[in-house]
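**Q** Below is the structure I would like to discuss, written out as structure tokens.
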Number of protein chains: 2
Amino acid sequence: MIGPATYFRPERRAGLDDRTRALIERREAVLSPGYRLFYAHPVEFVRGLGTKLYTADGDEFLDVYNNVPSVGHAHPRVTAAIAEQSALLNTHTRYLHEGLIDYAELLIASFPNALDTLTLVCTGSEANDLALRVAKQATGHRGVIVTENAYHGVTTEIAAISPSLGGDPSLADWVRTVRPPVGDGSGMVADARAAIAQLQAAGHGVAALIVDTAFASDGFIAPSPGTRAALTAVQALVRHAGGLVIADEVQPGFGRLGATGAAPDLWGFPRHDLEPDLVTLGKPMANGLPVAALIARRDLIRQFGESVRYFNTFAGTPVSVAAARATWEVLHDERLPENAAVVGTALLEMLGELATRHERLRGVRGSGLYLAVDLVDPATGAPDSPAAVTLVSALRERRILISASGRDNAALKLRPPLPFSHADAERFVTELDGALRDLG
Amino acid sequence: MIGPATYFRPERRAGLDDRTRALIERREAVLSPGYRLFYAHPVEFVRGLGTKLYTADGDEFLDVYNNVPSVGHAHPRVTAAIAEQSALLNTHTRYLHEGLIDYAELLIASFPNALDTLTLVCTGSEANDLALRVAKQATGHRGVIVTENAYHGVTTEIAAISPSLGGDPSLADWVRTVRPPVGDGSGMVADARAAIAQLQAAGHGVAALIVDTAFASDGFIAPSPGTRAALTAVQALVRHAGGLVIADEVQPGFGRLGATGAAPDLWGFPRHDLEPDLVTLGKPMANGLPVAALIARRDLIRQFGESVRYFNTFAGTPVSVAAARATWEVLHDERLPENAAVVGTALLEMLGELATRHERLRGVRGSGLYLAVDLVDPATGAPDSPAAVTLVSALRERRILISASGRDNAALKLRPPLPFSHADAERFVTELDGALRDLG
């Protein structure tokens, strides 16, 4: 989640150009105040292509922020697929349509054999909401275990298991948090043991453990012997308590994470040796159209389907599926997971080098094209949120899109469209270097 | 909700043609068993136009079922808008984009002044889920009142207020049901009084009353002095208890309902003199793309926004908004609400005439192009679900798409795309007449 300080503040409108101020005033008159804009000086884009976004004046911005248009902004193959299918037909899944079947076969083939059935939904929140419904129904339990700064979505149910949202609503009484698997992971294992005991004592039992496999909102935790040992142990504890394991791949999935072995990883869970019963997918799935999914063990989803009526009107329609299919094909044909691995590794090295020259830059970490770096006070080493916010603004003026996030709002999060090139990485690092010099 | 008997049953596959059987077997191998197909002999469509759907062999079906492609299948203006915007840009609402503002202004202008702020989401379920979150947060209460066979969606929270789903999960303990406003509506008022007392006694208080303004799953209740008196009274009781009123326009909204006065009604709530605090929109909003919305009183949504972080990644994107805007323009330019009123009235009369000749047909009702008629046993007058199911199948063979629904699964529900013409209505009634004659 991006921190509040990088948003536009309405009281600051006086300094804006006429058009921006007029658009903002029109927005405020008709949209919910929840529609917050990025930047003290909000930016208006009118077109995009690949890793670039453009203003009406033709100013080009390098996108280091947007993970949804994963195969690149306005990719012509995805655009053509959407246009072609829209002109033909867009109904629902109660009639036969081969496009849905073709796509389901492609997608399911990329998962371990046990994860063999697909349910399409429209948003990552709907996917996680459905995963919890299935887990609760299958186990007869109610308790859910999440990491301590987890974010899983915005439905009532999922907001209640998302501690990173903070404030109101608070977590449900059937939720317990555990430390993420940092270091040797023993903290997570100890917390999980306690959480299970508490949930059982309260009569909730354990329905599920759910984890973002990149642990992005918990500070980006890359696979290591420690994460593997911890997650394997926690998975066993949860299973022993009768609970299921849900891997939330809404952000890390579809090849963003780079490679742990010879081939790049499409999904995050195998990197940590997790063997989930349910996997949720979302953001990059159709390059911007609302498409998300639940991949499940057949026995679980059959049991759910026998006792629960679930029909999602807009999910799995021919247009949504055509967009998802084209996105999948571009991802593979253009070898974007390979690109994420190669360019991500190079970018990580460049950032490491930059950190040797800027004491404010620490904690360079992440995998593939999903990276983070902390801004710290050079004197104390403490997280420096004002510096991060200043840097995000300075980079906006240098036509680089990025965000500050993390629990202290002092981390820069990098998650560009996957066609991000070496030249893009160099441009970003050059501008970051300049902005850091200006910061002093 | 459509009744189970009108679905394909896997054990019946032997009689199918090779292609249909092969597609079904491929579906079953990769999709959740929840992906049920319509009809004993499922149908595969490859294109659509206006009120017609076509198979690969060129067989034309008249669509009397689909309310999502509301301005007509594959409408060229909507298709062009989607194609054009997809080729340009599809980001999120944290950057300025004039398309979102233009559309919000158009939409908000069609609501009473007090309902002045828009929040876009992706599905009707998300809209109702958010409406309840806002209502609970604003009132500090938890209790929700729904009609006795209500259907409001599929998230965990919304399934728990949808008695029509039946089975598992059951309603939450903070939900009470009331009879719909039939007759003089006194049953609904009495039930609401009792529900409020029970919710208060249980410590839940009253957060909201939520009603589908067409009462479709409660049997289709058109506006009358009785509905107006009942809903006005229940609204006052709910307000007195500190609760809010939510109008669910996900199905009835956007001009389907015909006219009560000189001009056609865009929304259902004013027809019953309801003055909701929150209104939810969905299905027909973007002619098939996943777009839905919450319209709210500004004070409520401001209060929510101040204490809750809510960001919906896929909602309000340029492509979604372009589709919604084009759908809105076609709706008005082609005078489709007027068409719904005129053709709907004519169709209602034709069905009334048909009922004078077929004792099996009773209870012709509804408004605009949202109609229902019951199939009854001619001897007893009791709902006849097998007859309704047989009729749906017979109409499929006559290339008419329709569904059986209602609590007894004995009602035919008619909700075609809004360009439904007089000729379409005549074709439908002729085939229904023939199917009824065959039924004997």
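We name chains A, B, ... following the order of the structure tokens; residues begin at 1 in each chain, and ligands are numbered from 1 as shown.
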When you look at segment 415-425 of chain A with a cut-off of 8 Å (counting only C-alpha atoms), what residues show up, excluding the ones that are within fewer than 2 positions of it in the same chain? I need them as a PyMOL selection string.
**A** chain A and resi 50-51+62-73+256+336-337+339-340+343+346-347+369-371+413+427-429
**Q** I need the chosen residues saved as a PDB file, in the first residue's frame, with N, CA and C atoms.
**A**
ATOM      1  N   GLY A  50       4.070   0.124 -23.999  1.00  0.00           N
ATOM      2  CA  GLY A  50       5.176  -0.592 -23.362  1.00  0.00           C
ATOM      3  C   GLY A  50       5.378  -0.130 -21.930  1.00  0.00           C
ATOM      4  N   THR A  51       6.577   0.383 -21.651  1.00  0.00           N
ATOM      5  CA  THR A  51       6.898   0.822 -20.288  1.00  0.00           C
ATOM      6  C   THR A  51       6.763   2.339 -20.131  1.00  0.00           C
ATOM      7  N   LEU A  62       8.637   7.253 -17.657  1.00  0.00           N
ATOM      8  CA  LEU A  62       9.013   5.844 -17.531  1.00  0.00           C
ATOM      9  C   LEU A  62       8.233   5.249 -16.358  1.00  0.00           C
ATOM     10  N   ASP A  63       7.529   4.149 -16.617  1.00  0.00           N
ATOM     11  CA  ASP A  63       6.663   3.546 -15.604  1.00  0.00           C
ATOM     12  C   ASP A  63       7.416   2.476 -14.815  1.00  0.00           C
ATOM     13  N   VAL A  64       7.725   2.790 -13.552  1.00  0.00           N
ATOM     14  CA  VAL A  64       8.375   1.815 -12.673  1.00  0.00           C
ATOM     15  C   VAL A  64       7.394   1.395 -11.578  1.00  0.00           C
ATOM     16  N   TYR A  65       6.116   1.774 -11.760  1.00  0.00           N
ATOM     17  CA  TYR A  65       5.106   1.556 -10.724  1.00  0.00           C
ATOM     18  C   TYR A  65       4.054   0.504 -11.071  1.00  0.00           C
ATOM     19  N   ASN A  66       3.598   0.474 -12.328  1.00  0.00           N
ATOM     20  CA  ASN A  66       2.358  -0.254 -12.646  1.00  0.00           C
ATOM     21  C   ASN A  66       2.582  -1.723 -12.989  1.00  0.00           C
ATOM     22  N   ASN A  67       2.059  -2.593 -12.112  1.00  0.00           N
ATOM     23  CA  ASN A  67       2.184  -4.037 -12.299  1.00  0.00           C
ATOM     24  C   ASN A  67       0.975  -4.649 -12.991  1.00  0.00           C
ATOM     25  N   VAL A  68      -0.081  -3.868 -13.210  1.00  0.00           N
ATOM     26  CA  VAL A  68      -1.274  -4.423 -13.858  1.00  0.00           C
ATOM     27  C   VAL A  68      -1.083  -4.561 -15.375  1.00  0.00           C
ATOM     28  N   PRO A  69      -0.628  -3.507 -16.070  1.00  0.00           N
ATOM     29  CA  PRO A  69      -0.375  -3.656 -17.519  1.00  0.00           C
ATOM     30  C   PRO A  69       0.943  -4.400 -17.710  1.00  0.00           C
ATOM     31  N   SER A  70       0.929  -5.673 -17.336  1.00  0.00           N
ATOM     32  CA  SER A  70       2.148  -6.420 -17.093  1.00  0.00           C
ATOM     33  C   SER A  70       2.929  -6.703 -18.369  1.00  0.00           C
ATOM     34  N   VAL A  71       2.228  -6.908 -19.488  1.00  0.00           N
ATOM     35  CA  VAL A  71       2.956  -7.151 -20.749  1.00  0.00           C
ATOM     36  C   VAL A  71       3.175  -5.837 -21.494  1.00  0.00           C
ATOM     37  N   GLY A  72       2.946  -4.726 -20.813  1.00  0.00           N
ATOM     38  CA  GLY A  72       3.189  -3.402 -21.398  1.00  0.00           C
ATOM     39  C   GLY A  72       1.884  -2.673 -21.678  1.00  0.00           C
ATOM     40  N   HIS A  73       1.920  -1.365 -21.501  1.00  0.00           N
ATOM     41  CA  HIS A  73       0.736  -0.544 -21.770  1.00  0.00           C
ATOM     42  C   HIS A  73       0.288  -0.722 -23.216  1.00  0.00           C
ATOM     43  N   ARG A 256       6.524 -12.319 -12.710  1.00  0.00           N
ATOM     44  CA  ARG A 256       7.203 -11.095 -12.282  1.00  0.00           C
ATOM     45  C   ARG A 256       8.463 -11.370 -11.476  1.00  0.00           C
ATOM     46  N   LEU A 336       8.777 -12.710 -21.383  1.00  0.00           N
ATOM     47  CA  LEU A 336       8.812 -11.650 -20.373  1.00  0.00           C
ATOM     48  C   LEU A 336       9.250 -12.140 -18.996  1.00  0.00           C
ATOM     49  N   PRO A 337       8.896 -13.367 -18.586  1.00  0.00           N
ATOM     50  CA  PRO A 337       9.456 -13.835 -17.306  1.00  0.00           C
ATOM     51  C   PRO A 337      10.990 -13.915 -17.362  1.00  0.00           C
ATOM     52  N   ASN A 339      12.848 -11.992 -19.214  1.00  0.00           N
ATOM     53  CA  ASN A 339      13.281 -10.594 -19.147  1.00  0.00           C
ATOM     54  C   ASN A 339      13.254 -10.084 -17.706  1.00  0.00           C
ATOM     55  N   ALA A 340      12.184 -10.444 -16.978  1.00  0.00           N
ATOM     56  CA  ALA A 340      12.096 -10.012 -15.574  1.00  0.00           C
ATOM     57  C   ALA A 340      13.277 -10.539 -14.778  1.00  0.00           C
ATOM     58  N   VAL A 343      16.700  -8.613 -16.438  1.00  0.00           N
ATOM     59  CA  VAL A 343      16.747  -7.171 -16.151  1.00  0.00           C
ATOM     60  C   VAL A 343      16.606  -6.929 -14.651  1.00  0.00           C
ATOM     61  N   ALA A 346      19.954  -7.409 -13.076  1.00  0.00           N
ATOM     62  CA  ALA A 346      20.828  -6.272 -13.402  1.00  0.00           C
ATOM     63  C   ALA A 346      20.426  -5.033 -12.599  1.00  0.00           C
ATOM     64  N   LEU A 347      19.126  -4.790 -12.492  1.00  0.00           N
ATOM     65  CA  LEU A 347      18.641  -3.622 -11.751  1.00  0.00           C
ATOM     66  C   LEU A 347      19.007  -3.732 -10.268  1.00  0.00           C
ATOM     67  N   LEU A 369      11.378  -8.443 -11.355  1.00  0.00           N
ATOM     68  CA  LEU A 369      11.008  -7.028 -11.443  1.00  0.00           C
ATOM     69  C   LEU A 369      10.013  -6.659 -10.339  1.00  0.00           C
ATOM     70  N   TYR A 370      10.321  -7.110  -9.127  1.00  0.00           N
ATOM     71  CA  TYR A 370       9.503  -6.799  -7.946  1.00  0.00           C
ATOM     72  C   TYR A 370      10.504  -6.516  -6.826  1.00  0.00           C
ATOM     73  N   LEU A 371      10.977  -5.271  -6.798  1.00  0.00           N
ATOM     74  CA  LEU A 371      12.100  -4.907  -5.934  1.00  0.00           C
ATOM     75  C   LEU A 371      11.696  -3.802  -4.961  1.00  0.00           C
ATOM     76  N   LYS A 413       9.071   1.072  -3.897  1.00  0.00           N
ATOM     77  CA  LYS A 413       8.668  -0.230  -4.440  1.00  0.00           C
ATOM     78  C   LYS A 413       8.749  -0.158  -5.951  1.00  0.00           C
ATOM     79  N   ARG A 427      18.032   4.230 -17.237  1.00  0.00           N
ATOM     80  CA  ARG A 427      17.388   5.545 -17.122  1.00  0.00           C
ATOM     81  C   ARG A 427      16.872   5.768 -15.701  1.00  0.00           C
ATOM     82  N   PHE A 428      16.230   4.734 -15.149  1.00  0.00           N
ATOM     83  CA  PHE A 428      15.705   4.853 -13.792  1.00  0.00           C
ATOM     84  C   PHE A 428      16.809   5.105 -12.777  1.00  0.00           C
ATOM     85  N   VAL A 429      17.875   4.320 -12.859  1.00  0.00           N
ATOM     86  CA  VAL A 429      18.951   4.438 -11.868  1.00  0.00           C
ATOM     87  C   VAL A 429      19.667   5.791 -12.000  1.00  0.00           C
TER      88      VAL A 429
END
**Q** Identify every residue of chain B that has at least one atom within 6 Å of any atom of chain A, counting only C-alpha atoms, and report the result as a PDB file with N, CA and C atoms, in the first residue's frame.
**A**
ATOM      1  N   ARG B  27     -14.254 -29.042 -20.557  1.00  0.00           N
ATOM      2  CA  ARG B  27     -14.644 -28.131 -19.464  1.00  0.00           C
ATOM      3  C   ARG B  27     -14.520 -28.802 -18.111  1.00  0.00           C
ATOM      4  N   VAL B  30     -11.076 -29.138 -16.404  1.00  0.00           N
ATOM      5  CA  VAL B  30     -10.282 -27.989 -15.928  1.00  0.00           C
ATOM      6  C   VAL B  30     -11.078 -26.939 -15.156  1.00  0.00           C
ATOM      7  N   LEU B  31     -12.407 -26.931 -15.301  1.00  0.00           N
ATOM      8  CA  LEU B  31     -13.197 -25.911 -14.613  1.00  0.00           C
ATOM      9  C   LEU B  31     -13.864 -26.490 -13.376  1.00  0.00           C
ATOM     10  N   SER B  32     -14.107 -25.624 -12.419  1.00  0.00           N
ATOM     11  CA  SER B  32     -14.854 -26.010 -11.226  1.00  0.00           C
ATOM     12  C   SER B  32     -16.217 -26.583 -11.612  1.00  0.00           C
ATOM     13  N   PRO B  33     -16.718 -27.583 -10.862  1.00  0.00           N
ATOM     14  CA  PRO B  33     -18.058 -28.106 -11.134  1.00  0.00           C
ATOM     15  C   PRO B  33     -19.148 -27.039 -10.999  1.00  0.00           C
ATOM     16  N   GLY B  34     -18.802 -25.908 -10.399  1.00  0.00           N
ATOM     17  CA  GLY B  34     -19.764 -24.813 -10.310  1.00  0.00           C
ATOM     18  C   GLY B  34     -20.099 -24.206 -11.667  1.00  0.00           C
ATOM     19  N   LEU B  37     -23.888 -25.566 -17.080  1.00  0.00           N
ATOM     20  CA  LEU B  37     -24.364 -25.129 -18.392  1.00  0.00           C
ATOM     21  C   LEU B  37     -25.887 -25.119 -18.431  1.00  0.00           C
ATOM     22  N   PHE B  38     -26.432 -24.178 -19.153  1.00  0.00           N
ATOM     23  CA  PHE B  38     -27.867 -24.187 -19.390  1.00  0.00           C
ATOM     24  C   PHE B  38     -28.242 -25.329 -20.345  1.00  0.00           C
ATOM     25  N   VAL B  43     -25.857 -25.145 -25.452  1.00  0.00           N
ATOM     26  CA  VAL B  43     -25.745 -24.449 -26.721  1.00  0.00           C
ATOM     27  C   VAL B  43     -24.441 -23.655 -26.764  1.00  0.00           C
ATOM     28  N   GLU B  44     -23.834 -23.644 -27.939  1.00  0.00           N
ATOM     29  CA  GLU B  44     -22.552 -22.946 -28.129  1.00  0.00           C
ATOM     30  C   GLU B  44     -22.777 -21.775 -29.091  1.00  0.00           C
ATOM     31  N   ARG B  47     -21.256 -15.818 -32.095  1.00  0.00           N
ATOM     32  CA  ARG B  47     -21.383 -14.373 -32.268  1.00  0.00           C
ATOM     33  C   ARG B  47     -22.779 -13.917 -31.878  1.00  0.00           C
ATOM     34  N   GLY B  48     -22.905 -12.598 -31.723  1.00  0.00           N
ATOM     35  CA  GLY B  48     -24.187 -12.021 -31.366  1.00  0.00           C
ATOM     36  C   GLY B  48     -24.336 -10.670 -32.021  1.00  0.00           C
ATOM     37  N   ALA B  74     -22.821  -7.110 -28.872  1.00  0.00           N
ATOM     38  CA  ALA B  74     -21.777  -6.610 -29.782  1.00  0.00           C
ATOM     39  C   ALA B  74     -22.166  -5.270 -30.405  1.00  0.00           C
ATOM     40  N   THR B  79     -18.346  -1.482 -28.780  1.00  0.00           N
ATOM     41  CA  THR B  79     -17.161  -2.195 -29.248  1.00  0.00           C
ATOM     42  C   THR B  79     -16.071  -1.222 -29.697  1.00  0.00           C
ATOM     43  N   ALA B  83     -12.338  -0.738 -28.080  1.00  0.00           N
ATOM     44  CA  ALA B  83     -11.155  -0.938 -28.922  1.00  0.00           C
ATOM     45  C   ALA B  83     -10.275   0.311 -28.941  1.00  0.00           C
ATOM     46  N   SER B  86      -8.650   0.880 -25.439  1.00  0.00           N
ATOM     47  CA  SER B  86      -7.640  -0.158 -25.165  1.00  0.00           C
ATOM     48  C   SER B  86      -6.339   0.135 -25.891  1.00  0.00           C
ATOM     49  N   ALA B  87      -6.449   0.670 -27.103  1.00  0.00           N
ATOM     50  CA  ALA B  87      -5.257   0.952 -27.896  1.00  0.00           C
ATOM     51  C   ALA B  87      -4.507   2.178 -27.389  1.00  0.00           C
ATOM     52  N   LEU B  88      -5.198   3.005 -26.592  1.00  0.00           N
ATOM     53  CA  LEU B  88      -4.577   4.233 -26.083  1.00  0.00           C
ATOM     54  C   LEU B  88      -3.953   4.047 -24.705  1.00  0.00           C
ATOM     55  N   LEU B  89      -4.768   3.627 -23.733  1.00  0.00           N
ATOM     56  CA  LEU B  89      -4.343   3.690 -22.328  1.00  0.00           C
ATOM     57  C   LEU B  89      -5.360   2.966 -21.457  1.00  0.00           C
ATOM     58  N   ARG B  94      -5.558   6.769  -9.887  1.00  0.00           N
ATOM     59  CA  ARG B  94      -4.632   7.631  -9.134  1.00  0.00           C
ATOM     60  C   ARG B  94      -3.960   8.661 -10.026  1.00  0.00           C
ATOM     61  N   TYR B  95      -4.124   8.515 -11.349  1.00  0.00           N
ATOM     62  CA  TYR B  95      -3.717   9.553 -12.286  1.00  0.00           C
ATOM     63  C   TYR B  95      -4.995  10.215 -12.781  1.00  0.00           C
ATOM     64  N   LEU B  96      -4.881  11.468 -13.206  1.00  0.00           N
ATOM     65  CA  LEU B  96      -6.053  12.146 -13.758  1.00  0.00           C
ATOM     66  C   LEU B  96      -6.405  11.554 -15.119  1.00  0.00           C
ATOM     67  N   HIS B  97      -7.698  11.350 -15.343  1.00  0.00           N
ATOM     68  CA  HIS B  97      -8.192  10.958 -16.666  1.00  0.00           C
ATOM     69  C   HIS B  97      -9.594  11.530 -16.834  1.00  0.00           C
ATOM     70  N   ILE B 101     -14.166  11.436 -15.202  1.00  0.00           N
ATOM     71  CA  ILE B 101     -14.911  12.592 -14.683  1.00  0.00           C
ATOM     72  C   ILE B 101     -16.148  12.843 -15.547  1.00  0.00           C
ATOM     73  N   THR B 117     -22.364  11.324  -4.991  1.00  0.00           N
ATOM     74  CA  THR B 117     -20.980  10.856  -5.191  1.00  0.00           C
ATOM     75  C   THR B 117     -20.942   9.424  -5.710  1.00  0.00           C
ATOM     76  N   LEU B 118     -19.994   9.212  -6.610  1.00  0.00           N
ATOM     77  CA  LEU B 118     -19.842   7.925  -7.281  1.00  0.00           C
ATOM     78  C   LEU B 118     -18.579   7.217  -6.795  1.00  0.00           C
ATOM     79  N   THR B 119     -18.712   5.912  -6.558  1.00  0.00           N
ATOM     80  CA  THR B 119     -17.548   5.042  -6.381  1.00  0.00           C
ATOM     81  C   THR B 119     -17.720   3.881  -7.350  1.00  0.00           C
ATOM     82  N   ASP B 168     -26.035 -23.766   2.282  1.00  0.00           N
ATOM     83  CA  ASP B 168     -24.855 -23.366   3.020  1.00  0.00           C
ATOM     84  C   ASP B 168     -24.145 -22.262   2.231  1.00  0.00           C
ATOM     85  N   PRO B 290     -16.866  -5.779 -16.819  1.00  0.00           N
ATOM     86  CA  PRO B 290     -17.127  -5.773 -15.372  1.00  0.00           C
ATOM     87  C   PRO B 290     -17.065  -4.361 -14.781  1.00  0.00           C
ATOM     88  N   ARG B 302     -17.856  10.282   2.702  1.00  0.00           N
ATOM     89  CA  ARG B 302     -16.727  11.036   3.253  1.00  0.00           C
ATOM     90  C   ARG B 302     -16.304  10.423   4.590  1.00  0.00           C
ATOM     91  N   GLY B 305     -14.512   7.258   3.876  1.00  0.00           N
ATOM     92  CA  GLY B 305     -13.182   7.504   3.318  1.00  0.00           C
ATOM     93  C   GLY B 305     -12.188   8.010   4.343  1.00  0.00           C
ATOM     94  N   SER B 307     -11.996   7.035   7.430  1.00  0.00           N
ATOM     95  CA  SER B 307     -11.535   6.016   8.378  1.00  0.00           C
ATOM     96  C   SER B 307     -11.171   4.696   7.711  1.00  0.00           C
ATOM     97  N   VAL B 308     -11.465   4.543   6.433  1.00  0.00           N
ATOM     98  CA  VAL B 308     -11.212   3.271   5.759  1.00  0.00           C
ATOM     99  C   VAL B 308     -10.442   3.522   4.472  1.00  0.00           C
ATOM    100  N   PHE B 314      -9.081  -2.434 -10.455  1.00  0.00           N
ATOM    101  CA  PHE B 314      -9.622  -2.526 -11.815  1.00  0.00           C
ATOM    102  C   PHE B 314     -10.819  -1.600 -12.049  1.00  0.00           C
TER     103      PHE B 314
END
**Q** Taking the chain letters and numbering used in this document, name the residues of segment 68-262 of chain B that DSSP puts in strand (DSSP E or B), as JSON, numbers by chain.
**A** {"B": [73, 96, 115, 116, 117, 118, 119, 120, 121, 143, 144, 145, 146, 147, 175, 176, 177, 178, 206, 207, 208, 209, 210, 211, 212, 244, 245, 246, 247, 248, 259]}
**Q** Contacts of segment 376-393 of chain B at 6 Å or less, counting only C-alpha atoms, minus same-chain residues fewer than 3 places along, as a list in words?
**A** Thr6, Glu359, Arg360, Arg396, Asn409 and Ala410 of chain B
**Q** Counting only C-alpha atoms, what is within 6 Å of segment 138-141 of chain B, bar same-chain residues fewer than 2 positions away, as a PDB file with all heavy atoms, in the first residue's frame?
**A**
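result_29.pdb, freshly written:
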ATOM      1  N   VAL B 134     -20.104   0.587   4.127  1.00  0.00           N
ATOM      2  CA  VAL B 134     -20.356   2.005   4.402  1.00  0.00           C
ATOM      3  C   VAL B 134     -21.476   2.139   5.440  1.00  0.00           C
ATOM      4  O   VAL B 134     -21.362   2.919   6.401  1.00  0.00           O
ATOM      5  CB  VAL B 134     -20.714   2.756   3.100  1.00  0.00           C
ATOM      6  CG1 VAL B 134     -21.195   4.170   3.403  1.00  0.00           C
ATOM      7  CG2 VAL B 134     -19.513   2.788   2.157  1.00  0.00           C
ATOM      8  N   ALA B 135     -22.541   1.376   5.260  1.00  0.00           N
ATOM      9  CA  ALA B 135     -23.683   1.484   6.177  1.00  0.00           C
ATOM     10  C   ALA B 135     -23.291   1.076   7.596  1.00  0.00           C
ATOM     11  O   ALA B 135     -23.673   1.726   8.581  1.00  0.00           O
ATOM     12  CB  ALA B 135     -24.843   0.624   5.670  1.00  0.00           C
ATOM     13  N   LYS B 136     -22.532   0.010   7.721  1.00  0.00           N
ATOM     14  CA  LYS B 136     -22.131  -0.448   9.053  1.00  0.00           C
ATOM     15  C   LYS B 136     -21.188   0.552   9.714  1.00  0.00           C
ATOM     16  O   LYS B 136     -21.303   0.840  10.901  1.00  0.00           O
ATOM     17  CB  LYS B 136     -21.480  -1.840   8.954  1.00  0.00           C
ATOM     18  CG  LYS B 136     -22.490  -2.930   8.609  1.00  0.00           C
ATOM     19  CD  LYS B 136     -21.854  -4.313   8.546  1.00  0.00           C
ATOM     20  CE  LYS B 136     -22.947  -5.362   8.351  1.00  0.00           C
ATOM     21  NZ  LYS B 136     -22.421  -6.746   8.349  1.00  0.00           N
ATOM     22  N   HIS B 204     -27.432  -5.985  17.836  1.00  0.00           N
ATOM     23  CA  HIS B 204     -26.878  -5.672  16.513  1.00  0.00           C
ATOM     24  C   HIS B 204     -27.252  -4.262  16.059  1.00  0.00           C
ATOM     25  O   HIS B 204     -26.508  -3.625  15.326  1.00  0.00           O
ATOM     26  CB  HIS B 204     -27.377  -6.663  15.465  1.00  0.00           C
ATOM     27  CG  HIS B 204     -27.011  -8.085  15.737  1.00  0.00           C
ATOM     28  ND1 HIS B 204     -25.720  -8.470  16.003  1.00  0.00           N
ATOM     29  CD2 HIS B 204     -27.757  -9.226  15.796  1.00  0.00           C
ATOM     30  CE1 HIS B 204     -25.691  -9.780  16.203  1.00  0.00           C
ATOM     31  NE2 HIS B 204     -26.913 -10.258  16.096  1.00  0.00           N
ATOM     32  N   GLY B 205     -28.414  -3.784  16.475  1.00  0.00           N
ATOM     33  CA  GLY B 205     -28.928  -2.539  15.924  1.00  0.00           C
ATOM     34  C   GLY B 205     -29.240  -2.711  14.450  1.00  0.00           C
ATOM     35  O   GLY B 205     -29.109  -3.811  13.893  1.00  0.00           O
ATOM     36  N   VAL B 206     -29.655  -1.620  13.820  1.00  0.00           N
ATOM     37  CA  VAL B 206     -30.036  -1.679  12.402  1.00  0.00           C
ATOM     38  C   VAL B 206     -29.064  -0.826  11.589  1.00  0.00           C
ATOM     39  O   VAL B 206     -29.040   0.397  11.719  1.00  0.00           O
ATOM     40  CB  VAL B 206     -31.474  -1.174  12.187  1.00  0.00           C
ATOM     41  CG1 VAL B 206     -31.838  -1.244  10.696  1.00  0.00           C
ATOM     42  CG2 VAL B 206     -32.454  -1.996  13.016  1.00  0.00           C
ATOM     43  N   ALA B 207     -28.261  -1.484  10.758  1.00  0.00           N
ATOM     44  CA  ALA B 207     -27.363  -0.757   9.861  1.00  0.00           C
ATOM     45  C   ALA B 207     -28.083  -0.382   8.575  1.00  0.00           C
ATOM     46  O   ALA B 207     -27.924   0.723   8.071  1.00  0.00           O
ATOM     47  CB  ALA B 207     -26.128  -1.591   9.537  1.00  0.00           C
TER      48      ALA B 207
END
**Q** Can you pull out every residue within 10 Å of Ala214 of chain A, counting only C-alpha atoms, but drop anything in the same chain fewer than 5 positions away, and send it as a list of chain:residue names?
**A**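 So the residues in contact are A:Gly219, A:Phe220, A:Ile221, A:Ala222, A:Pro223, A:Ala247, A:Asp248, A:Glu249, A:Val250, A:Gln251, A:Pro252, A:Gly253, A:Leu257, A:Trp267, A:Gly268, A:Phe269, A:Arg271, A:His272, A:Gly366, A:Ser367, A:Tyr370.
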**Q** Just the alpha helix (DSSP H) stuff from segment 133-291 of chain B, please, per backbone DSSP, written as a PyMOL selection string.
**A** chain B and resi 133-139+156-159+186-201+225-240
**Q** At what distance in Å, to one decimal, does atom CA of Val144 of chain B lie from atom CA of Ser170 of chain A?
**A**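 Computing the Euclidean distance for atom CA of Ser170 of chain A and atom CA of Val144 of chain B yields 19.9 Å.
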